[in-house]
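Reading through the structure tokens given below for one structure.
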Amino acid sequence: MEDKGLSTNMRRILLVINCLILAVGICGGPLMMRLYYVEGGSRVWLSSWLQTAGWPLTLIPLAILYFYRRKVEGSNAKFYFITPRIFIASFVIGVVTGLDDFLYSWGGSKLPVSTSSLLLAAQLAFTSVGAFFIVKLKFTPYSINAVILLTVGAVLLGVRSNGDRPEGVTSKAYILGFMMTLLAAALYGVILPCIELIYLKAKQVITATLVLEIQMVMCFAATAFCTVGMIANNDFQAMSREAKQFNLGEARYYTVIVWTSIIWQCFFVGVIGVIYCSSSLMSGVMIAVLLPVTEVLAVVFFRENFSGEKGLALFLSLWGFVSYFYGEFRQTKKQKNKSPQIEMKTTHTESV
């Protein structure tokens, strides 16, 4: 049976797996989105839709988990775990995620990739504040240090970047894109703690199946929201025309579309998995620490300059990453040291 009461080692293994999945999404997603815009794509609602359109892929692990439960529990195995209350909460968060996807896609169409650092820096700060107020997350000196270092490193990439305004983008559109990007960061900084709050208020065992069901409902709702936008903007009809004018060719246009949706789905599965195994702040830290990797990949694939500022930002991000995990290690060690003392006190009380 699936159980929330995972061992510490199993939880760490799952955390590493989800971090790797998240890394694929956060590094590949922005690059695929930029590839779409650079090579001639211009449909913002389509770009937003692609971020969650891969939600049917979640049915694959859900089916595997269901057949595993059938094998272990027989005909008593539940088909699904999500309750109406959790479904509604997940759907509402999904609609907000759809709006966030649109803001992010619109900003990404107007800004150079270097300014994504400002988005990620702000997202970490907003996630920290959101986690503090929404789920009452307690800060440690190490987590505070990590947030500061990661934020400074990410802001440094944006403020000191040599990236200029893209050709064909007016000053007004650039400023509007900048503001929408920051608004998307603020919104996602609230979404992550809200997902964690669902887990805390679920009033049932949080299993891997339930986590995937929540993620699927969220992505379905976000996709439905963006589908309405695409219909209103006639994006479905425009796709065939855009494919013929795509710089890489019509076939590769659809290849980019498919792989963009798959890679972004890795991001959402990874985010919700990291929250399940750790916390919403941990998700924010992982997103921020992977920023320099995205920048390096942008240098490799899009021939961007790797300046000294980017090197310094990479150092600060890695420092913050180590600081956060060192604090987690000390916290875990402290809890382990307390456990034997509690057991000894309990034994002594019972003997008396």
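We label chains A, B, ... in the order they appear in the structure tokens, count residues from 1 in each chain, and number ligands from 1 in the order shown.
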
Set out as JSON lines a contact list for segment 244-321 of chain A and segment 188-207 of chain A with a cut-off of 12 Å, giving each residue of segment 244-321 of chain A that qualifies its closest atom pair and distance in Å to one decimal, counting only C-alpha atoms, ordered by chain and rising residue number.
```
{"residue": "A:Phe268", "atom": "CA", "partner": "A:Leu192", "partner_atom": "CA", "distance": 10.7}
{"residue": "A:Val271", "atom": "CA", "partner": "A:Leu192", "partner_atom": "CA", "distance": 8.3}
{"residue": "A:Ile272", "atom": "CA", "partner": "A:Ile195", "partner_atom": "CA", "distance": 7.6}
{"residue": "A:Gly273", "atom": "CA", "partner": "A:Glu196", "partner_atom": "CA", "distance": 10.6}
{"residue": "A:Val274", "atom": "CA", "partner": "A:Glu196", "partner_atom": "CA", "distance": 10.2}
{"residue": "A:Ile275", "atom": "CA", "partner": "A:Glu196", "partner_atom": "CA", "distance": 6.4}
{"residue": "A:Tyr276", "atom": "CA", "partner": "A:Glu196", "partner_atom": "CA", "distance": 7.5}
{"residue": "A:Cys277", "atom": "CA", "partner": "A:Glu196", "partner_atom": "CA", "distance": 10.5}
{"residue": "A:Ser278", "atom": "CA", "partner": "A:Glu196", "partner_atom": "CA", "distance": 9.5}
{"residue": "A:Ser279", "atom": "CA", "partner": "A:Glu196", "partner_atom": "CA", "distance": 6.9}
{"residue": "A:Ser280", "atom": "CA", "partner": "A:Pro193", "partner_atom": "CA", "distance": 5.4}
{"residue": "A:Leu281", "atom": "CA", "partner": "A:Pro193", "partner_atom": "CA", "distance": 7.9}
{"residue": "A:Met282", "atom": "CA", "partner": "A:Leu192", "partner_atom": "CA", "distance": 10.0}
{"residue": "A:Ser283", "atom": "CA", "partner": "A:Leu192", "partner_atom": "CA", "distance": 7.8}
{"residue": "A:Gly284", "atom": "CA", "partner": "A:Gly189", "partner_atom": "CA", "distance": 8.0}
{"residue": "A:Val285", "atom": "CA", "partner": "A:Gly189", "partner_atom": "CA", "distance": 11.5}
{"residue": "A:Ile287", "atom": "CA", "partner": "A:Gly189", "partner_atom": "CA", "distance": 11.3}
```

May I have the residues within 12 Å of Lys138 of chain A as a list in words, using only C-alpha atoms and disregarding those fewer than 4 positions away in the same chain?
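Here the qualifying residues turn out to be Ser128, Val129, Gly130, Ala131, Phe132, Phe133, Ile134, Tyr142, Ser143, Ile144, Ser279, Leu281 and Gln331 of chain A.
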
Find the distance between atom CA of Phe91 of chain A and atom CA of Tyr37 of chain A and write it in Å to one decimal.
29.3 Å

Residues of segment 114-234 of chain A in alpha helix (DSSP H) according to DSSP, as a VMD selection string?
chain A and resid 116 to 134 141 to 159 171 to 200 208 to 232

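In this comparison, which uses only C-alpha atoms, the residue of A:Ala146, A:Met32, A:Met218, A:Val296 approaching Val322 of chain A most closely is A:Ala146.
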
So that each row is one residue of segment 71-159 of chain A with an atom at most 9 Å from segment 224-232 of chain A, can you give its shortest atom pair and the distance in Å to one decimal, using only C-alpha atoms, rows by chain and rising number, as a tab-separated table?
```
residue	atom	partner	partner_atom	distance
A:Gly94	CA	A:Phe225	CA	8.6
A:Val95	CA	A:Phe225	CA	6.0
A:Val96	CA	A:Phe225	CA	8.8
A:Gly98	CA	A:Phe225	CA	5.8
A:Leu99	CA	A:Phe225	CA	7.5
A:Asp101	CA	A:Cys226	CA	8.4
A:Phe102	CA	A:Cys226	CA	7.6
```

What would the file look like if the residues just selected were written as a PDB file, in the first residue's frame with N, CA and C atoms?
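Saved file result-v7.pdb follows:
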```
ATOM      1  N   GLY A  94      -5.494  25.609 -10.020  1.00  0.00           N
ATOM      2  CA  GLY A  94      -5.161  25.376 -11.419  1.00  0.00           C
ATOM      3  C   GLY A  94      -5.552  26.535 -12.318  1.00  0.00           C
ATOM      4  N   VAL A  95      -6.725  27.108 -12.076  1.00  0.00           N
ATOM      5  CA  VAL A  95      -7.162  28.273 -12.858  1.00  0.00           C
ATOM      6  C   VAL A  95      -6.197  29.444 -12.644  1.00  0.00           C
ATOM      7  N   VAL A  96      -5.795  29.649 -11.394  1.00  0.00           N
ATOM      8  CA  VAL A  96      -4.822  30.709 -11.091  1.00  0.00           C
ATOM      9  C   VAL A  96      -3.491  30.408 -11.771  1.00  0.00           C
ATOM     10  N   GLY A  98      -3.169  28.856 -14.582  1.00  0.00           N
ATOM     11  CA  GLY A  98      -3.363  29.202 -15.992  1.00  0.00           C
ATOM     12  C   GLY A  98      -3.147  30.686 -16.246  1.00  0.00           C
ATOM     13  N   LEU A  99      -3.654  31.513 -15.340  1.00  0.00           N
ATOM     14  CA  LEU A  99      -3.432  32.954 -15.443  1.00  0.00           C
ATOM     15  C   LEU A  99      -1.953  33.274 -15.305  1.00  0.00           C
ATOM     16  N   ASP A 101       0.531  31.293 -16.055  1.00  0.00           N
ATOM     17  CA  ASP A 101       1.183  30.854 -17.290  1.00  0.00           C
ATOM     18  C   ASP A 101       1.077  31.924 -18.379  1.00  0.00           C
ATOM     19  N   PHE A 102      -0.109  32.555 -18.480  1.00  0.00           N
ATOM     20  CA  PHE A 102      -0.302  33.591 -19.494  1.00  0.00           C
ATOM     21  C   PHE A 102       0.607  34.799 -19.216  1.00  0.00           C
TER      22      PHE A 102
END
```

Which of these residues is nearest to Asn233 of chain A, using only C-alpha atoms: A:Phe126, A:Trp55, A:Phe81, A:Trp45?
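Comparing A:Phe126, A:Trp55, A:Phe81, A:Trp45 against Asn233 of chain A, the winner is A:Trp45.
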
Check the smallest atom-to-atom distance from each of A:Val44, A:Val299, A:Ile262, A:Ile17 to Tyr104 of chain A using only C-alpha atoms, then report the winner.
A:Val44

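For the choices A:Gly29, A:Thr127, A:Val211, A:Leu15, the atom-to-atom distance to Tyr80 of chain A is smallest for A:Val211 when using only C-alpha atoms.
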
Could you state the separation of atom CA of Gly25 of chain A and atom CA of Cys266 of chain A in Å, given to one decimal place?
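These atoms are spaced 4.8 Å apart.
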
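You will find atom CA of Phe246 of chain A at 20.9 Å from atom CA of Ala53 of chain A.
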
Taking 4 positions as the minimum chain separation for residues in the same chain, which residues sit within 9 Å of segment 60-71 of chain A when counting only C-alpha atoms? Answer as number ranges by chain.
A: 1-2, 56, 75-80, 208-209, 212-213

Taking into account only C-alpha atoms, which residue in the set A:Thr294, A:Thr151, A:Ser42, A:Thr181 is nearest to Leu124 of chain A?
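Among the listed residues, A:Thr151 lies closest to Leu124 of chain A.
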